[in-house]
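This report refers to the structure that appears directly beneath it.
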Amino acid sequence: MKNKALKRLIYGLPIIVILLTLCSFKQTTPIKSDTTSRRADSGFRIRTIIVDAGHGDRSPEGGRFSPGAEGSYSFERNVTLAIAKKLQAQIEKEIPDVRVVMTRTTNYDVPFKKRAEIANSNRGDIFISIHCNSLPNRTVREIVGHKHHKPVYHYASVPDRSGKGVLLLVYSTNRIGPQNEALLENEEIGDDNKAVTSTENKAEDPMAMIMLNQMKNKFRKQSIHLADLINNEFIQGDGRPSDGVREQVLFVLDHTAMPSVLVETGYINNHSDEDYLNSEKGQNEVAASIVRAIQKYKDEVEEVSK
Ligand SMILES: [Zn+2]
């Protein structure tokens, strides 16, 4: 160790001498303080969190009806909004130095593209999309009689209520087009983990494309890490079963130029999950787990960029 330090000093010495010499010639020129030392507030900060309630009713003006999954008495589109609102309130209470932007606050659906636009134009640092899971019906067959000594079957579609617990989805890098556009549209200069792009000829500029790819890879890693943190809170904090963290091509996450996680908060077509997701206790627990994970993630990224 000592040898290394000594070597560094010896190798560094000529540079120090050159610097000192330069300084002595430039005594009359004032040195700008912000170019020589990093300002205390220059580290990256999580400032804006986008909370996205999945699905929604058709608005009176028309537009899309995105019902989402159905339980035996409740609908995903209502549960996601209730949890998203609790999440917003809890983030604002527990992490007061961040701003929360909701992509939807009414029962009416907001198109995917609009959601991504809200996230990008508000320069979100994290995007959390709230959803409920559901398993498709399964087909069962039963023997209803015999004909010519052969059984006659009746096929029926029955709900598969076996799914239970949470699942975290992050954007898959299989498709690269839309997120590129979002990154290019998001002119973010200055922050450490934001795209540094110029407005002219971005797509053709090989350097810009290299930076974009690095950025996407960074967002992907950060998304997976945030998803892992949320998953751990669900398992360890609330004792929820979990299907883990998966990568998937998802339109809304595909267009957001920030670390993004889609949270499947539970299976709405499973009776006990449906009760949990519709209860005040369940909704508050889901929100609190996400908030604890965001706080951990925030502390980590802000510590690293100090
Ligand atoms: Zn959904």
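Labels used: A, B, ... for chains in the order of the structure tokens, numbers from 1 for residues in each chain, and numbers from 1 for ligands as shown.
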Checklist entry - Counting only C-alpha atoms and all ligand atoms, which protein, DNA or RNA residues come within 7 Å of ligand 1, given as a ChimeraX atom specification? => result /A:54-55,68-69,76,131-133
Item to check | Residues flagged helix (DSSP H, G or I) by DSSP in segment 108-278 of chain A, as a PyMOL selection string | outcome: chain A and resi 112-121+177-185+206-238+251-254+271-278
Checklist entry - Residues at most 9 Å from Ala82 of chain A, counting only C-alpha atoms, excluding those fewer than 3 positions away in the same chain, as a list in words? => result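 Counting only C-alpha atoms, the residues come to Ala53, Arg77, Asn78, Val79, Lys85, Lys86, Leu87, Asn278 and Gln283 of chain A.
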Checklist entry - Using only C-alpha atoms, which of A:Gly266, A:Gly165, A:Pro67, A:Pro151 sits nearest Ile235 of chain A? => result A:Gly165
Next on the checklist: At a cut-off of 12 Å, using only C-alpha atoms, what residues contact Leu167 of chain A? Leave out same-chain residues fewer than 2 positions from it and give the result as a PyMOL selection string.
Outcome noted: chain A and resi 130-134+163-165+169-170+227-228+230-232+234-235+240-248+261-267
Next on the checklist: Residues within 7 Å of Ala119 of chain A, please, as a list in words. Count only C-alpha atoms; anything in the same chain fewer than 4 positions from it doesn't count.
Outcome noted: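 My reading of the contact set: Ile50, Arg115, Arg123, Gly124 and Thr256 of chain A.
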Next on the checklist: Which residues are close to Lys221 of chain A, i.e. within 12 Å by only C-alpha atoms, leaving aside same-chain residues fewer than 3 positions away? Reply as a list in words.
Outcome noted: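 Residues near the query, excluding close chain neighbours: Val170, Tyr171, Ser172, Thr173, Gln214, Met215, Lys216, Asn217, Lys218, Ile224, His225, Leu226, Ala227, Asp228, Glu247, Met258, Pro259, Ser260 and Val261 of chain A.
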Those selected residues, please, written with C-alpha atoms and delivered as a PDB file, in the first residue's frame.
ATOM      1  CA  VAL A 170     -39.280  -4.072 -15.869  1.00  0.00           C
ATOM      2  CA  TYR A 171     -38.832  -2.899 -19.415  1.00  0.00           C
ATOM      3  CA  SER A 172     -37.131  -5.410 -21.656  1.00  0.00           C
ATOM      4  CA  THR A 173     -34.469  -4.194 -24.068  1.00  0.00           C
ATOM      5  CA  GLN A 214     -25.343   3.365 -22.270  1.00  0.00           C
ATOM      6  CA  MET A 215     -28.233   5.318 -20.809  1.00  0.00           C
ATOM      7  CA  LYS A 216     -30.738   2.580 -21.606  1.00  0.00           C
ATOM      8  CA  ASN A 217     -28.494  -0.030 -20.094  1.00  0.00           C
ATOM      9  CA  LYS A 218     -28.192   2.125 -16.987  1.00  0.00           C
ATOM     10  CA  ILE A 224     -34.151  -4.092 -12.046  1.00  0.00           C
ATOM     11  CA  HIS A 225     -32.510  -2.888  -8.848  1.00  0.00           C
ATOM     12  CA  LEU A 226     -35.529  -0.799  -7.834  1.00  0.00           C
ATOM     13  CA  ALA A 227     -37.827  -3.737  -8.672  1.00  0.00           C
ATOM     14  CA  ASP A 228     -35.669  -5.996  -6.476  1.00  0.00           C
ATOM     15  CA  GLU A 247     -38.245  -8.368 -17.888  1.00  0.00           C
ATOM     16  CA  MET A 258     -36.170   6.892 -16.599  1.00  0.00           C
ATOM     17  CA  PRO A 259     -35.891   3.817 -14.363  1.00  0.00           C
ATOM     18  CA  SER A 260     -39.363   2.274 -14.524  1.00  0.00           C
ATOM     19  CA  VAL A 261     -41.070  -0.560 -12.678  1.00  0.00           C
TER      20      VAL A 261
END
Next on the checklist: Need to verify the contact set: Glu274 of chain A, 9 Å, only C-alpha atoms, exclusion of same-chain residues closer than 5 positions in sequence. Can you return it as number ranges by chain?
Outcome noted: A: 71-74, 266-269, 279
Next on the checklist: For the structure I just gave you, how does DSSP split segment 50-249 of chain A - specifically, which residues are strand (DSSP E)? Reply as a PyMOL selection string.
Outcome noted: chain A and resi 50-53+99-102+126-133+138-147+150-158+166-171+242-248
Checklist entry - So how far away is atom CA of Leu81 of chain A from atom CA of Asp125 of chain A, in Å? => result 20.8 Å
Item to check | Length of the atom CA of Gln295 of chain A to atom CA of Val51 of chain A vector [Å] | outcome: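 Computing it gives 14.8 Å between the two atoms.
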Item to check | Point-to-point distance from atom CA of Val301 of chain A to atom CA of Gly43 of chain A, Å rounded to tenths | outcome: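 Between atom CA of Val301 of chain A and atom CA of Gly43 of chain A the gap works out to 9.5 Å.
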